[in-house]
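To keep things clear, I will list the structure first and then write my remarks on it.
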Amino acid sequence: MATREALWDYRDAFGDAFGRTYFRRFGPGVASSVGIGTYLGEPTAAVDDASRAAIGLALRSGVNHVDTASNYRA
């Protein structure tokens, strides 16, 4: 859950790996400078699997902004 504490803990888990400007403050939390969305692609199981894999890799790599607009992925 994206609580203030969880956002800061996530940032702290990456230590100084990204330098001082990768995570940016917003209100009481922090957001990564890079995000991920899954707008394009056919609504197939294969594309959904690839999207899940890409999101998982992004989260493990320090991204904490995932665009989940309601029109994404059918």
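For the structure tokens, the naming scheme is as follows: chains receive sequential letters (A, B, ...) according to their order of presentation, residues are indexed from 1 within each chain, and ligands are indexed from 1 in presentation order.
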Quiz item: Got a sec: who's within 9 Å of A:Asp67, counting only C-alpha atoms, leaving out chain neighbours fewer than 5 positions off, as number ranges by chain?
Solution: A: 35-39, 72
Quiz prompt | Residues within 12 Å of A:Ser61, only C-alpha atoms, excluding chain neighbours under 4 positions, as a list in words | solution = Tyr10, Arg11, Ala13, Phe14, Ala17, Phe18, Tyr22, Ser32, Val34, Gly35, Ile36, Ala54, Ile55, Gly56, Leu57 and His65 of chain A
Next, dump the selected residues to file, keeping only N, CA and C atoms, as an mmCIF file, in the first residue's frame.
data_model
loop_
_atom_site.group_PDB
_atom_site.id
_atom_site.type_symbol
_atom_site.label_atom_id
_atom_site.label_comp_id
_atom_site.auth_asym_id
_atom_site.auth_seq_id
_atom_site.Cartn_x
_atom_site.Cartn_y
_atom_site.Cartn_z
ATOM 1 N N TYR A 10 10.492 2.168 0.647
ATOM 2 C CA TYR A 10 10.838 1.690 -0.693
ATOM 3 C C TYR A 10 12.044 2.459 -1.212
ATOM 4 N N ARG A 11 12.004 3.771 -1.079
ATOM 5 C CA ARG A 11 13.139 4.580 -1.521
ATOM 6 C C ARG A 11 14.400 4.194 -0.772
ATOM 7 N N ALA A 13 15.196 1.425 0.520
ATOM 8 C CA ALA A 13 15.677 0.093 0.157
ATOM 9 C C ALA A 13 16.695 0.153 -0.982
ATOM 10 N N PHE A 14 16.651 1.200 -1.775
ATOM 11 C CA PHE A 14 17.586 1.341 -2.886
ATOM 12 C C PHE A 14 18.812 2.154 -2.518
ATOM 13 N N ALA A 17 21.824 3.995 -4.695
ATOM 14 C CA ALA A 17 22.026 3.409 -6.015
ATOM 15 C C ALA A 17 21.646 4.353 -7.151
ATOM 16 N N PHE A 18 20.705 5.263 -6.921
ATOM 17 C CA PHE A 18 20.228 6.139 -7.986
ATOM 18 C C PHE A 18 20.667 7.585 -7.827
ATOM 19 N N TYR A 22 16.813 10.756 -8.177
ATOM 20 C CA TYR A 22 15.922 9.781 -8.808
ATOM 21 C C TYR A 22 14.549 9.772 -8.141
ATOM 22 N N SER A 32 9.280 7.905 -7.894
ATOM 23 C CA SER A 32 10.410 7.692 -8.779
ATOM 24 C C SER A 32 10.295 8.622 -9.978
ATOM 25 N N VAL A 34 11.017 7.810 -12.923
ATOM 26 C CA VAL A 34 10.598 6.980 -14.043
ATOM 27 C C VAL A 34 9.386 6.176 -13.604
ATOM 28 N N GLY A 35 8.417 6.063 -14.497
ATOM 29 C CA GLY A 35 7.234 5.257 -14.211
ATOM 30 C C GLY A 35 7.006 4.253 -15.322
ATOM 31 N N ILE A 36 5.954 3.459 -15.194
ATOM 32 C CA ILE A 36 5.618 2.483 -16.223
ATOM 33 C C ILE A 36 4.109 2.458 -16.409
ATOM 34 N N ALA A 54 6.935 -7.003 -17.127
ATOM 35 C CA ALA A 54 7.572 -5.682 -17.207
ATOM 36 C C ALA A 54 7.307 -4.869 -15.938
ATOM 37 N N ILE A 55 6.080 -4.921 -15.427
ATOM 38 C CA ILE A 55 5.758 -4.191 -14.199
ATOM 39 C C ILE A 55 6.551 -4.757 -13.031
ATOM 40 N N GLY A 56 6.635 -6.079 -12.942
ATOM 41 C CA GLY A 56 7.416 -6.694 -11.869
ATOM 42 C C GLY A 56 8.867 -6.273 -11.908
ATOM 43 N N LEU A 57 9.460 -6.273 -13.094
ATOM 44 C CA LEU A 57 10.852 -5.845 -13.238
ATOM 45 C C LEU A 57 11.002 -4.377 -12.861
ATOM 46 N N HIS A 65 5.968 4.318 -9.593
ATOM 47 C CA HIS A 65 4.815 4.956 -10.241
ATOM 48 C C HIS A 65 4.354 4.038 -11.369
#
Quiz item: Out of chain A, which residues get alpha helix (DSSP H) from DSSP, as a PyMOL selection string?
Solution: chain A and resi 4-13+45-60
Grab the residues selected above and save them as a CSV table (one decimal), in the first residue's frame with N, CA and C atoms.
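Result written to out.csv:
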chain,number,residue,atom,x,y,z
A,4,ARG,N,2.7,6.9,3.3
A,4,ARG,CA,3.9,7.7,3.4
A,4,ARG,C,5.1,6.9,3.8
A,5,GLU,N,4.9,6.1,4.8
A,5,GLU,CA,6.0,5.3,5.4
A,5,GLU,C,6.5,4.2,4.3
A,6,ALA,N,5.5,3.6,3.6
A,6,ALA,CA,5.9,2.6,2.6
A,6,ALA,C,6.7,3.2,1.5
A,7,LEU,N,6.3,4.4,1.1
A,7,LEU,CA,7.0,5.1,0.0
A,7,LEU,C,8.5,5.4,0.4
A,8,TRP,N,8.7,5.9,1.6
A,8,TRP,CA,10.0,6.2,2.1
A,8,TRP,C,10.8,4.9,2.3
A,9,ASP,N,10.2,3.9,2.8
A,9,ASP,CA,10.9,2.6,3.0
A,9,ASP,C,11.4,2.1,1.7
A,10,TYR,N,10.5,2.2,0.6
A,10,TYR,CA,10.8,1.7,-0.7
A,10,TYR,C,12.0,2.5,-1.2
A,11,ARG,N,12.0,3.8,-1.1
A,11,ARG,CA,13.1,4.6,-1.5
A,11,ARG,C,14.4,4.2,-0.8
A,12,ASP,N,14.3,4.0,0.5
A,12,ASP,CA,15.5,3.7,1.4
A,12,ASP,C,16.0,2.3,1.0
A,13,ALA,N,15.2,1.4,0.5
A,13,ALA,CA,15.7,0.1,0.2
A,13,ALA,C,16.7,0.2,-1.0
A,45,ALA,N,-3.7,-12.9,-23.7
A,45,ALA,CA,-3.0,-13.4,-22.5
A,45,ALA,C,-1.5,-13.2,-22.6
A,46,ALA,N,-1.0,-13.3,-23.8
A,46,ALA,CA,0.5,-13.2,-24.0
A,46,ALA,C,0.9,-11.8,-23.7
A,47,VAL,N,0.2,-10.8,-24.1
A,47,VAL,CA,0.5,-9.4,-23.9
A,47,VAL,C,0.3,-9.1,-22.4
A,48,ASP,N,-0.7,-9.6,-21.8
A,48,ASP,CA,-0.9,-9.4,-20.4
A,48,ASP,C,0.2,-10.0,-19.6
A,49,ASP,N,0.7,-11.2,-19.9
A,49,ASP,CA,1.8,-11.8,-19.2
A,49,ASP,C,3.1,-11.0,-19.4
A,50,ALA,N,3.3,-10.4,-20.6
A,50,ALA,CA,4.5,-9.6,-20.8
A,50,ALA,C,4.3,-8.3,-20.0
A,51,SER,N,3.2,-7.7,-19.9
A,51,SER,CA,2.9,-6.5,-19.1
A,51,SER,C,3.2,-6.8,-17.6
A,52,ARG,N,2.7,-7.9,-17.1
A,52,ARG,CA,3.0,-8.3,-15.7
A,52,ARG,C,4.5,-8.4,-15.5
A,53,ALA,N,5.2,-9.1,-16.4
A,53,ALA,CA,6.6,-9.2,-16.2
A,53,ALA,C,7.3,-7.9,-16.2
A,54,ALA,N,6.9,-7.0,-17.1
A,54,ALA,CA,7.6,-5.7,-17.2
A,54,ALA,C,7.3,-4.9,-15.9
A,55,ILE,N,6.1,-4.9,-15.4
A,55,ILE,CA,5.8,-4.2,-14.2
A,55,ILE,C,6.6,-4.8,-13.0
A,56,GLY,N,6.6,-6.1,-12.9
A,56,GLY,CA,7.4,-6.7,-11.9
A,56,GLY,C,8.9,-6.3,-11.9
A,57,LEU,N,9.5,-6.3,-13.1
A,57,LEU,CA,10.9,-5.8,-13.2
A,57,LEU,C,11.0,-4.4,-12.9
A,58,ALA,N,10.1,-3.6,-13.3
A,58,ALA,CA,10.1,-2.1,-13.0
A,58,ALA,C,10.1,-1.9,-11.4
A,59,LEU,N,9.2,-2.6,-10.8
A,59,LEU,CA,9.1,-2.5,-9.3
A,59,LEU,C,10.4,-3.0,-8.6
A,60,ARG,N,10.9,-4.1,-9.1
A,60,ARG,CA,12.2,-4.5,-8.5
A,60,ARG,C,13.4,-3.6,-8.8
Exercise. Select, from A:Gly27, A:Ser33, A:Thr21, A:Thr3, the residue with the minimum atom-to-atom distance to A:Gly62, counting only C-alpha atoms.
Key: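 Of A:Gly27, A:Ser33, A:Thr21, A:Thr3, the one nearest A:Gly62, counting only C-alpha atoms, is A:Ser33.
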Quiz item: atom CA of A:Val63 and atom CA of A:Gly15, how far apart in Å?
Solution: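 So the answer is 13.7 Å.
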Practice problem: Would you work out the distance separating atom CA of A:Arg25 from atom CA of A:Ala2, expressed in Å to one decimal? | Solution: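 Interatomic distance here is 13.8 Å.
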Quiz item: Suppose you want the space between atom CA of A:Thr68 and atom CA of A:Gly41; what is it in Å?
Solution: 14.4 Å
